[in-house]
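> For reference, the structure I am asking about is given below.
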Amino acid sequence: MFKPTQMDSNEFNQIITQVHQIGKDIVAPNAQDVDEKARFPKEGIEALKGLKLLSSYVPESLGGMGMSIEQVSKVCEVLGHYCGSTAMIYAMHKIQVACIVHHCLDENYYQGYVDKLVSEQRLIASATTEIGIGGDLLSSFCAVEATDGNFELEKKAPVISYAEDADDLMITARRNPDAAKSDQVGVLVSKEQYEVEPISDWDTLGFRGTCSSGFVVKAKASVEQISPVSFTEVLSQTMHPYSHIVWASLWSGIAASAVDKARKFVKNAMRKNPNMPPISSVRLAEVETLLYDMKNNVTASIIDYDKLLAKGDTDAFTNFGFAIRVNNLKIKSSQLLIDIVGQSMMICGIASYRNNSDMTLGRHIRDAYGASLMVNNDRIMMHNSSLVLMHKEEAGRV
């Protein structure tokens, strides 16, 4: 099983400085256009490729930077400060990289793929949901149909983020046509091996640049591109916890950006009347506390996850307690994001409500609601309710 690594802190700090520079010079200046046109943030992603950040989680021994999940999360947080869509695309890509690094590196095909990921900085999208499944990642209708060392599959996905701009696609499907819906594997296919036909558009309030339309995917490739482990294992050990951690991290970046604007507004008000602190200064102190809590929740989850990875105990990830804690991170972080951005708007007043103001928080609030809705909190809470009952039952038997 994968053991956590960490990039040298001095080198990492230099990378973060460069990411901030990209954010200021490239990502932020294009964020409004990305949002208005619901277009892929090509400029920002190309800049990240230039820093070799698409392969940053790959171990140093394989040509990557060997970043830890804490360090990847920090990159997501910084990007979230400048553009939520760019940060989300980077986070979703890193989830797929983590799945490969954690589970597939014993296979020759995936070893070769990681070489290409490092040298070419390939962008990976994923197709894990399917029409008719109702958001259940652990079920598939589509199946891998293998013949003479090759396979074909067709999947109707209600959402595939940045599908038309990705270089590769990770698709979940049943192991074979006779397999149960829950007997799934992942397959990694490159752009020349699959076709995507749009079946819905992506005209949403927030995270517009993720371009998360629906598609019918048709793929033909070699069976060696099938993941060597079951998707159930990949989901519990990597995709589920890694997703919630990097998502919560980029959301904290969006929240921090909103608080920065609120702080600037209060400071400007105090300069005008230094002898009378505005009432908004109290609101600012309150929202700073919420942001502190949000970031601490992410840190605690990273420590929790790293400890389990370091133990190398795969059974630990099937523990209901860990799954509940990771789900709680997603639920609480997405709720705090709405609260923090909303309170920051109250501090800034009408200036934050105007789209043509330097203090505008329109994109922030629209993205904030996407954090709760794009992976619906109610569905996660319902799942947690079942886990809590089973967890307590287990605890009672101990």
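Residue numbering restarts at 1 in every chain; chains get A, B, ... in the order shown in the structure tokens, and ligands count up from 1 in that same order.
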At a cut-off of 12 Å, using only C-alpha atoms, what residues contact region 371-376 of chain A? Leave out same-chain residues fewer than 5 positions from it and give the result as a PDB file with C-alpha atoms, in the first residue's frame.

```
ATOM      1  CA  GLY A  84     -12.914  28.455  -7.703  1.00  0.00           C
ATOM      2  CA  SER A  85     -13.269  26.703 -11.073  1.00  0.00           C
ATOM      3  CA  MET A  88     -11.778  22.623  -8.552  1.00  0.00           C
ATOM      4  CA  THR A 129     -21.648   8.823 -12.066  1.00  0.00           C
ATOM      5  CA  GLY A 134     -29.011   8.170  -8.581  1.00  0.00           C
ATOM      6  CA  GLY A 135     -25.547   9.341  -7.548  1.00  0.00           C
ATOM      7  CA  ASP A 136     -24.434   5.960  -6.167  1.00  0.00           C
ATOM      8  CA  LEU A 137     -20.733   5.723  -7.060  1.00  0.00           C
ATOM      9  CA  PRO A 158     -24.876  12.976 -16.215  1.00  0.00           C
ATOM     10  CA  VAL A 159     -21.667  14.847 -15.318  1.00  0.00           C
ATOM     11  CA  ILE A 160     -18.091  14.711 -16.572  1.00  0.00           C
ATOM     12  CA  SER A 161     -16.169  17.819 -15.611  1.00  0.00           C
ATOM     13  CA  TRP A 202     -23.540  23.368 -17.997  1.00  0.00           C
ATOM     14  CA  THR A 204     -25.097  26.951 -13.688  1.00  0.00           C
ATOM     15  CA  LEU A 205     -24.831  29.615 -11.011  1.00  0.00           C
ATOM     16  CA  GLY A 206     -21.347  28.701  -9.833  1.00  0.00           C
ATOM     17  CA  PHE A 207     -18.220  26.701 -10.672  1.00  0.00           C
ATOM     18  CA  ARG A 208     -19.090  27.485 -14.262  1.00  0.00           C
ATOM     19  CA  THR A 210     -15.580  23.274 -14.585  1.00  0.00           C
ATOM     20  CA  SER A 212     -19.452  19.703 -16.001  1.00  0.00           C
ATOM     21  CA  HIS A 240     -13.580   9.320  -0.910  1.00  0.00           C
ATOM     22  CA  SER A 243     -11.868  14.214  -2.569  1.00  0.00           C
ATOM     23  CA  HIS A 244     -13.348  15.692   0.577  1.00  0.00           C
ATOM     24  CA  TRP A 247     -12.457  20.082  -1.987  1.00  0.00           C
ATOM     25  CA  ALA A 248     -12.607  21.465   1.557  1.00  0.00           C
ATOM     26  CA  SER A 249      -9.172  22.991   1.007  1.00  0.00           C
ATOM     27  CA  LEU A 250     -10.135  24.887  -2.138  1.00  0.00           C
ATOM     28  CA  TRP A 251     -13.376  25.999  -0.470  1.00  0.00           C
ATOM     29  CA  SER A 252     -11.305  27.430   2.383  1.00  0.00           C
ATOM     30  CA  ILE A 254     -12.639  30.852  -1.606  1.00  0.00           C
ATOM     31  CA  ALA A 255     -13.684  31.675   1.963  1.00  0.00           C
ATOM     32  CA  ASN A 327     -18.228  12.987   5.328  1.00  0.00           C
ATOM     33  CA  LEU A 329     -15.617  17.422   6.782  1.00  0.00           C
ATOM     34  CA  LYS A 330     -17.414  17.856   3.463  1.00  0.00           C
ATOM     35  CA  ILE A 331     -20.744  18.770   5.028  1.00  0.00           C
ATOM     36  CA  LYS A 332     -19.350  21.217   7.575  1.00  0.00           C
ATOM     37  CA  SER A 333     -16.872  22.861   5.195  1.00  0.00           C
ATOM     38  CA  SER A 334     -19.500  23.490   2.524  1.00  0.00           C
ATOM     39  CA  GLN A 335     -21.866  24.938   5.135  1.00  0.00           C
ATOM     40  CA  LEU A 336     -19.155  27.175   6.586  1.00  0.00           C
ATOM     41  CA  LEU A 337     -18.278  28.426   3.111  1.00  0.00           C
ATOM     42  CA  ILE A 338     -21.813  29.758   2.621  1.00  0.00           C
ATOM     43  CA  ASP A 339     -21.784  31.314   6.102  1.00  0.00           C
ATOM     44  CA  HIS A 364     -17.859  33.690  -4.367  1.00  0.00           C
ATOM     45  CA  ILE A 365     -21.456  33.280  -3.172  1.00  0.00           C
ATOM     46  CA  ARG A 366     -22.494  31.413  -6.320  1.00  0.00           C
ATOM     47  CA  MET A 381     -26.130  13.153   5.509  1.00  0.00           C
ATOM     48  CA  MET A 382     -28.509  10.303   4.707  1.00  0.00           C
ATOM     49  CA  HIS A 383     -25.537   8.008   4.172  1.00  0.00           C
TER      50      HIS A 383
END
```
> Within region 208-311 of chain A, find each residue whose DSSP state, derived from the backbone, is strand (DSSP E or B), and express the selection as a PyMOL selection string.
chain A and resi 215-222+226
> Write the selection just made, keeping C-alpha atoms, as a PDB file, in the first residue's frame?

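Wrote it out as selection.pdb, contents follow:
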```
ATOM      1  CA  PHE A 215     -21.955  12.960 -21.955  1.00  0.00           C
ATOM      2  CA  VAL A 216     -22.276   9.558 -23.548  1.00  0.00           C
ATOM      3  CA  VAL A 217     -18.783   8.072 -23.447  1.00  0.00           C
ATOM      4  CA  LYS A 218     -17.644   5.351 -25.831  1.00  0.00           C
ATOM      5  CA  ALA A 219     -14.197   3.859 -25.235  1.00  0.00           C
ATOM      6  CA  LYS A 220     -12.006   1.202 -26.855  1.00  0.00           C
ATOM      7  CA  ALA A 221      -8.646   0.267 -25.337  1.00  0.00           C
ATOM      8  CA  SER A 222      -6.382  -2.514 -24.073  1.00  0.00           C
ATOM      9  CA  ILE A 226      -8.110  -1.712 -16.431  1.00  0.00           C
TER      10      ILE A 226
END
```
> So how many Å separate CA of Val223 (chain A) and CA of Tyr162 (chain A), to one decimal?
25.0 Å
> Using only C-alpha atoms, which residues sit within 12 Å of Ala323 (chain A) once same-chain residues fewer than 2 positions away are excluded, as a PyMOL selection string?
chain A and resi 235-242+244+301+304-305+316-321+325-330+380-381+383-388+390-391
> Could you write those residues out with N, CA and C atoms, as a short mmCIF file (atom, residue, chain, number, x, y, z; two decimals), in the first residue's frame?

```cif
data_model
loop_
_atom_site.label_atom_id
_atom_site.label_comp_id
_atom_site.auth_asym_id
_atom_site.auth_seq_id
_atom_site.Cartn_x
_atom_site.Cartn_y
_atom_site.Cartn_z
N LEU A 235 -12.26 3.58 -3.88
CA LEU A 235 -13.15 4.60 -3.33
C LEU A 235 -12.94 4.78 -1.83
N SER A 236 -12.91 3.68 -1.08
CA SER A 236 -12.83 3.79 0.38
C SER A 236 -11.47 4.28 0.84
N GLN A 237 -10.41 3.84 0.17
CA GLN A 237 -9.06 4.17 0.63
C GLN A 237 -8.54 5.50 0.09
N THR A 238 -9.01 5.90 -1.09
CA THR A 238 -8.42 7.07 -1.72
C THR A 238 -9.45 8.08 -2.21
N MET A 239 -10.31 7.71 -3.13
CA MET A 239 -11.17 8.70 -3.78
C MET A 239 -12.06 9.44 -2.79
N HIS A 240 -12.65 8.71 -1.87
CA HIS A 240 -13.58 9.32 -0.91
C HIS A 240 -12.85 10.30 0.03
N PRO A 241 -11.85 9.86 0.78
CA PRO A 241 -11.19 10.83 1.68
C PRO A 241 -10.42 11.91 0.96
N TYR A 242 -9.72 11.56 -0.11
CA TYR A 242 -8.91 12.55 -0.83
C TYR A 242 -9.79 13.64 -1.42
N HIS A 244 -12.80 14.77 -0.41
CA HIS A 244 -13.35 15.69 0.58
C HIS A 244 -12.27 16.61 1.15
N SER A 301 -8.46 16.52 9.43
CA SER A 301 -8.75 15.41 8.52
C SER A 301 -7.50 14.92 7.80
N ASP A 304 -5.58 12.82 10.25
CA ASP A 304 -6.31 11.55 10.40
C ASP A 304 -6.01 10.61 9.23
N TYR A 305 -6.10 11.14 8.01
CA TYR A 305 -5.89 10.34 6.80
C TYR A 305 -4.43 9.89 6.68
N ALA A 316 -8.56 -0.42 7.94
CA ALA A 316 -8.90 0.78 8.70
C ALA A 316 -9.83 1.69 7.92
N PHE A 317 -9.77 1.62 6.59
CA PHE A 317 -10.59 2.51 5.77
C PHE A 317 -12.03 2.04 5.66
N THR A 318 -12.29 0.83 6.07
CA THR A 318 -13.67 0.35 6.07
C THR A 318 -14.35 0.65 7.41
N ASN A 319 -13.58 1.24 8.33
CA ASN A 319 -14.12 1.63 9.62
C ASN A 319 -15.17 2.72 9.44
N PHE A 320 -16.35 2.50 9.99
CA PHE A 320 -17.42 3.48 9.80
C PHE A 320 -17.06 4.83 10.40
N GLY A 321 -16.29 4.83 11.49
CA GLY A 321 -15.92 6.08 12.14
C GLY A 321 -15.14 6.99 11.22
N ARG A 325 -16.30 10.70 9.71
CA ARG A 325 -15.51 11.91 9.93
C ARG A 325 -15.20 12.62 8.61
N VAL A 326 -14.88 11.86 7.58
CA VAL A 326 -14.59 12.46 6.27
C VAL A 326 -15.84 13.09 5.68
N ASN A 327 -16.97 12.40 5.80
CA ASN A 327 -18.23 12.99 5.33
C ASN A 327 -18.56 14.27 6.07
N ASN A 328 -18.30 14.27 7.38
CA ASN A 328 -18.57 15.46 8.17
C ASN A 328 -17.71 16.64 7.72
N LEU A 329 -16.48 16.35 7.30
CA LEU A 329 -15.62 17.42 6.78
C LEU A 329 -16.27 18.09 5.58
N LYS A 330 -16.78 17.30 4.67
CA LYS A 330 -17.41 17.86 3.46
C LYS A 330 -18.64 18.67 3.83
N ILE A 380 -25.28 12.89 1.41
CA ILE A 380 -24.19 12.48 2.30
C ILE A 380 -24.71 12.32 3.73
N MET A 381 -25.57 13.24 4.16
CA MET A 381 -26.13 13.15 5.51
C MET A 381 -26.97 11.89 5.68
N HIS A 383 -26.50 9.09 4.08
CA HIS A 383 -25.54 8.01 4.17
C HIS A 383 -24.92 7.96 5.57
N ASN A 384 -24.60 9.13 6.11
CA ASN A 384 -24.03 9.20 7.45
C ASN A 384 -24.98 8.65 8.51
N SER A 385 -26.27 8.89 8.32
CA SER A 385 -27.24 8.42 9.31
C SER A 385 -27.21 6.90 9.43
N SER A 386 -27.01 6.22 8.29
CA SER A 386 -26.89 4.76 8.32
C SER A 386 -25.57 4.33 8.95
N LEU A 387 -24.50 5.04 8.60
CA LEU A 387 -23.18 4.70 9.15
C LEU A 387 -23.13 4.88 10.66
N VAL A 388 -23.76 5.95 11.14
CA VAL A 388 -23.76 6.21 12.58
C VAL A 388 -24.44 5.08 13.34
N MET A 390 -24.77 1.93 12.39
CA MET A 390 -23.93 0.73 12.34
C MET A 390 -22.69 0.89 13.20
N HIS A 391 -22.13 2.10 13.23
CA HIS A 391 -20.93 2.35 14.03
C HIS A 391 -21.22 2.18 15.51
#
```
> Which residue gives the smallest distance to Val246 (chain A) among A:Asp33, A:Glu77, A:Glu11, A:Glu120, with only C-alpha atoms counted?
A:Glu77
> Residues at most 6 Å from Met67 (chain A), counting only C-alpha atoms, excluding those fewer than 5 positions away in the same chain, as JSON, numbers by chain?
{"A": [6, 7, 56, 57]}
> Sorted by chain and rising residue number, which residues of region 316-356 of chain A lie within 9 Å of region 276-289 of chain A, and what are their closest atom pairs and distances in Å to one decimal, counting only C-alpha atoms, as a Markdown table?

```
| residue | atom | partner | partner_atom | distance |
| --- | --- | --- | --- | --- |
| A:Asp339 | CA | A:Val287 | CA | 8.3 |
| A:Ile340 | CA | A:Val287 | CA | 5.9 |
| A:Val341 | CA | A:Val287 | CA | 8.8 |
| A:Gln343 | CA | A:Val287 | CA | 6.7 |
| A:Ser344 | CA | A:Val287 | CA | 7.3 |
| A:Met346 | CA | A:Ser280 | CA | 8.4 |
| A:Ile347 | CA | A:Ser280 | CA | 5.5 |
| A:Cys348 | CA | A:Ser280 | CA | 8.3 |
```
> Which of these, A:Ile124, A:Leu53, A:Leu62, A:Val75, has the shortest distance to Ala166 (chain A) once you count only C-alpha atoms?
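Comparing A:Ile124, A:Leu53, A:Leu62, A:Val75 against Ala166 (chain A), the winner is A:Ile124.
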> What is the CA of Lys52 (chain A)-CA of Arg122 (chain A) distance in Å, reported with one decimal?
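Atom-to-atom, CA of Lys52 (chain A) and CA of Arg122 (chain A) are spaced 10.0 Å apart.
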> Report, in Å with one decimal, the straight-line distance from CA of Ser182 (chain A) to CA of Ser139 (chain A).
4.7 Å
> Could you pull out the alpha helix (DSSP H) residues of region 89-196 of chain A from DSSP and send them as a list in words?
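Filtering region 89-196 of chain A to alpha helix (DSSP H) leaves Ile89, Tyr90, Ala91, Met92, His93, Lys94, Ile95, Gln96, Val97, Ala98, Cys99, Ile100, Val101, His102, His103, Asn108, Tyr109, Tyr110, Gln111, Gly112, Tyr113, Val114, Asp115, Lys116, Leu117, Val118, Ser119 and Glu120 of chain A.
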> Residues of the last selection are to be written out with N, CA and C atoms, as a PDB file, in the first residue's frame.

```pdb
ATOM      1  N   ILE A  89     -10.913  22.166 -10.780  1.00  0.00           N
ATOM      2  CA  ILE A  89     -10.369  21.299 -11.828  1.00  0.00           C
ATOM      3  C   ILE A  89      -9.057  20.683 -11.384  1.00  0.00           C
ATOM      4  N   TYR A  90      -8.199  21.506 -10.789  1.00  0.00           N
ATOM      5  CA  TYR A  90      -6.931  20.970 -10.295  1.00  0.00           C
ATOM      6  C   TYR A  90      -7.171  19.903  -9.225  1.00  0.00           C
ATOM      7  N   ALA A  91      -8.106  20.168  -8.310  1.00  0.00           N
ATOM      8  CA  ALA A  91      -8.408  19.206  -7.250  1.00  0.00           C
ATOM      9  C   ALA A  91      -8.938  17.888  -7.822  1.00  0.00           C
ATOM     10  N   MET A  92      -9.858  17.973  -8.784  1.00  0.00           N
ATOM     11  CA  MET A  92     -10.429  16.753  -9.365  1.00  0.00           C
ATOM     12  C   MET A  92      -9.367  15.949 -10.110  1.00  0.00           C
ATOM     13  N   HIS A  93      -8.472  16.639 -10.777  1.00  0.00           N
ATOM     14  CA  HIS A  93      -7.356  15.954 -11.429  1.00  0.00           C
ATOM     15  C   HIS A  93      -6.491  15.236 -10.405  1.00  0.00           C
ATOM     16  N   LYS A  94      -6.171  15.908  -9.289  1.00  0.00           N
ATOM     17  CA  LYS A  94      -5.294  15.312  -8.287  1.00  0.00           C
ATOM     18  C   LYS A  94      -5.938  14.092  -7.631  1.00  0.00           C
ATOM     19  N   ILE A  95      -7.254  14.068  -7.544  1.00  0.00           N
ATOM     20  CA  ILE A  95      -7.945  12.887  -7.009  1.00  0.00           C
ATOM     21  C   ILE A  95      -7.642  11.670  -7.875  1.00  0.00           C
ATOM     22  N   GLN A  96      -7.689  11.846  -9.190  1.00  0.00           N
ATOM     23  CA  GLN A  96      -7.413  10.734 -10.095  1.00  0.00           C
ATOM     24  C   GLN A  96      -5.945  10.322 -10.033  1.00  0.00           C
ATOM     25  N   VAL A  97      -5.057  11.315  -9.908  1.00  0.00           N
ATOM     26  CA  VAL A  97      -3.628  10.996  -9.765  1.00  0.00           C
ATOM     27  C   VAL A  97      -3.408  10.178  -8.499  1.00  0.00           C
ATOM     28  N   ALA A  98      -4.060  10.572  -7.414  1.00  0.00           N
ATOM     29  CA  ALA A  98      -3.911   9.834  -6.158  1.00  0.00           C
ATOM     30  C   ALA A  98      -4.397   8.396  -6.299  1.00  0.00           C
ATOM     31  N   CYS A  99      -5.497   8.182  -7.009  1.00  0.00           N
ATOM     32  CA  CYS A  99      -6.007   6.822  -7.212  1.00  0.00           C
ATOM     33  C   CYS A  99      -4.984   5.961  -7.949  1.00  0.00           C
ATOM     34  N   ILE A 100      -4.324   6.540  -8.935  1.00  0.00           N
ATOM     35  CA  ILE A 100      -3.305   5.802  -9.691  1.00  0.00           C
ATOM     36  C   ILE A 100      -2.085   5.529  -8.830  1.00  0.00           C
ATOM     37  N   VAL A 101      -1.601   6.562  -8.137  1.00  0.00           N
ATOM     38  CA  VAL A 101      -0.391   6.429  -7.310  1.00  0.00           C
ATOM     39  C   VAL A 101      -0.612   5.440  -6.165  1.00  0.00           C
ATOM     40  N   HIS A 102      -1.772   5.480  -5.561  1.00  0.00           N
ATOM     41  CA  HIS A 102      -2.036   4.610  -4.409  1.00  0.00           C
ATOM     42  C   HIS A 102      -2.272   3.154  -4.790  1.00  0.00           C
ATOM     43  N   HIS A 103      -2.811   2.895  -5.993  1.00  0.00           N
ATOM     44  CA  HIS A 103      -3.339   1.564  -6.262  1.00  0.00           C
ATOM     45  C   HIS A 103      -2.809   0.861  -7.518  1.00  0.00           C
ATOM     46  N   ASN A 108       2.586  -2.554 -15.256  1.00  0.00           N
ATOM     47  CA  ASN A 108       3.471  -1.956 -16.264  1.00  0.00           C
ATOM     48  C   ASN A 108       2.805  -0.792 -16.999  1.00  0.00           C
ATOM     49  N   TYR A 109       1.528  -0.976 -17.376  1.00  0.00           N
ATOM     50  CA  TYR A 109       0.856   0.091 -18.111  1.00  0.00           C
ATOM     51  C   TYR A 109       0.824   1.381 -17.292  1.00  0.00           C
ATOM     52  N   TYR A 110       0.457   1.259 -16.028  1.00  0.00           N
ATOM     53  CA  TYR A 110       0.327   2.453 -15.195  1.00  0.00           C
ATOM     54  C   TYR A 110       1.677   3.063 -14.850  1.00  0.00           C
ATOM     55  N   GLN A 111       2.703   2.253 -14.767  1.00  0.00           N
ATOM     56  CA  GLN A 111       4.053   2.793 -14.594  1.00  0.00           C
ATOM     57  C   GLN A 111       4.424   3.654 -15.799  1.00  0.00           C
ATOM     58  N   GLY A 112       4.122   3.157 -16.991  1.00  0.00           N
ATOM     59  CA  GLY A 112       4.383   3.927 -18.210  1.00  0.00           C
ATOM     60  C   GLY A 112       3.530   5.170 -18.277  1.00  0.00           C
ATOM     61  N   TYR A 113       2.278   5.054 -17.804  1.00  0.00           N
ATOM     62  CA  TYR A 113       1.398   6.218 -17.833  1.00  0.00           C
ATOM     63  C   TYR A 113       1.930   7.326 -16.924  1.00  0.00           C
ATOM     64  N   VAL A 114       2.421   6.957 -15.751  1.00  0.00           N
ATOM     65  CA  VAL A 114       2.949   7.956 -14.829  1.00  0.00           C
ATOM     66  C   VAL A 114       4.145   8.678 -15.448  1.00  0.00           C
ATOM     67  N   ASP A 115       4.958   7.966 -16.201  1.00  0.00           N
ATOM     68  CA  ASP A 115       6.058   8.617 -16.930  1.00  0.00           C
ATOM     69  C   ASP A 115       5.515   9.698 -17.866  1.00  0.00           C
ATOM     70  N   LYS A 116       4.422   9.383 -18.576  1.00  0.00           N
ATOM     71  CA  LYS A 116       3.811  10.350 -19.491  1.00  0.00           C
ATOM     72  C   LYS A 116       3.171  11.502 -18.719  1.00  0.00           C
ATOM     73  N   LEU A 117       2.579  11.192 -17.584  1.00  0.00           N
ATOM     74  CA  LEU A 117       1.973  12.232 -16.757  1.00  0.00           C
ATOM     75  C   LEU A 117       3.023  13.256 -16.341  1.00  0.00           C
ATOM     76  N   VAL A 118       4.193  12.770 -15.951  1.00  0.00           N
ATOM     77  CA  VAL A 118       5.266  13.665 -15.519  1.00  0.00           C
ATOM     78  C   VAL A 118       5.817  14.465 -16.696  1.00  0.00           C
ATOM     79  N   SER A 119       6.081  13.795 -17.803  1.00  0.00           N
ATOM     80  CA  SER A 119       6.733  14.468 -18.936  1.00  0.00           C
ATOM     81  C   SER A 119       5.778  15.342 -19.736  1.00  0.00           C
ATOM     82  N   GLU A 120       4.519  14.921 -19.857  1.00  0.00           N
ATOM     83  CA  GLU A 120       3.557  15.646 -20.696  1.00  0.00           C
ATOM     84  C   GLU A 120       2.550  16.464 -19.907  1.00  0.00           C
TER      85      GLU A 120
END
```
> When you look at Thr128 (chain A) with a cut-off of 8 Å (counting only C-alpha atoms), what residues show up, excluding the ones that are within fewer than 4 positions of it in the same chain? I need them as a list in words.
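Once the adjacent positions are removed, what remains is Leu137, Ala157, Met170, Ile171 and Thr172 of chain A.
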> Could you list, as an MDAnalysis selection string, every residue within 10 Å of Thr86 (chain A), counting only C-alpha atoms and ignoring same-chain residues fewer than 4 positions away?
chainID A and resid 23 27:28 31 34 40:45 48 76 79:80 82 90:91 207:210 250
> Considering only C-alpha atoms, return as a list in words whatever protein or nucleic-acid residues lie within 9 Å of Ala143 (chain A), sequence-local ones (same chain, fewer than 6 positions apart) excluded.
Glu152, Leu153, Glu154, Lys155, Thr172, Ala173, Arg174, Arg175, Asn176, Pro177, Asp178, Ala179, Lys181 and Gln184 of chain A
> Given only C-alpha atoms as the basis, pick out the residue of A:Phe141, A:Thr5, A:Tyr369, A:Asp313 nearest to Ser61 (chain A).
A:Thr5
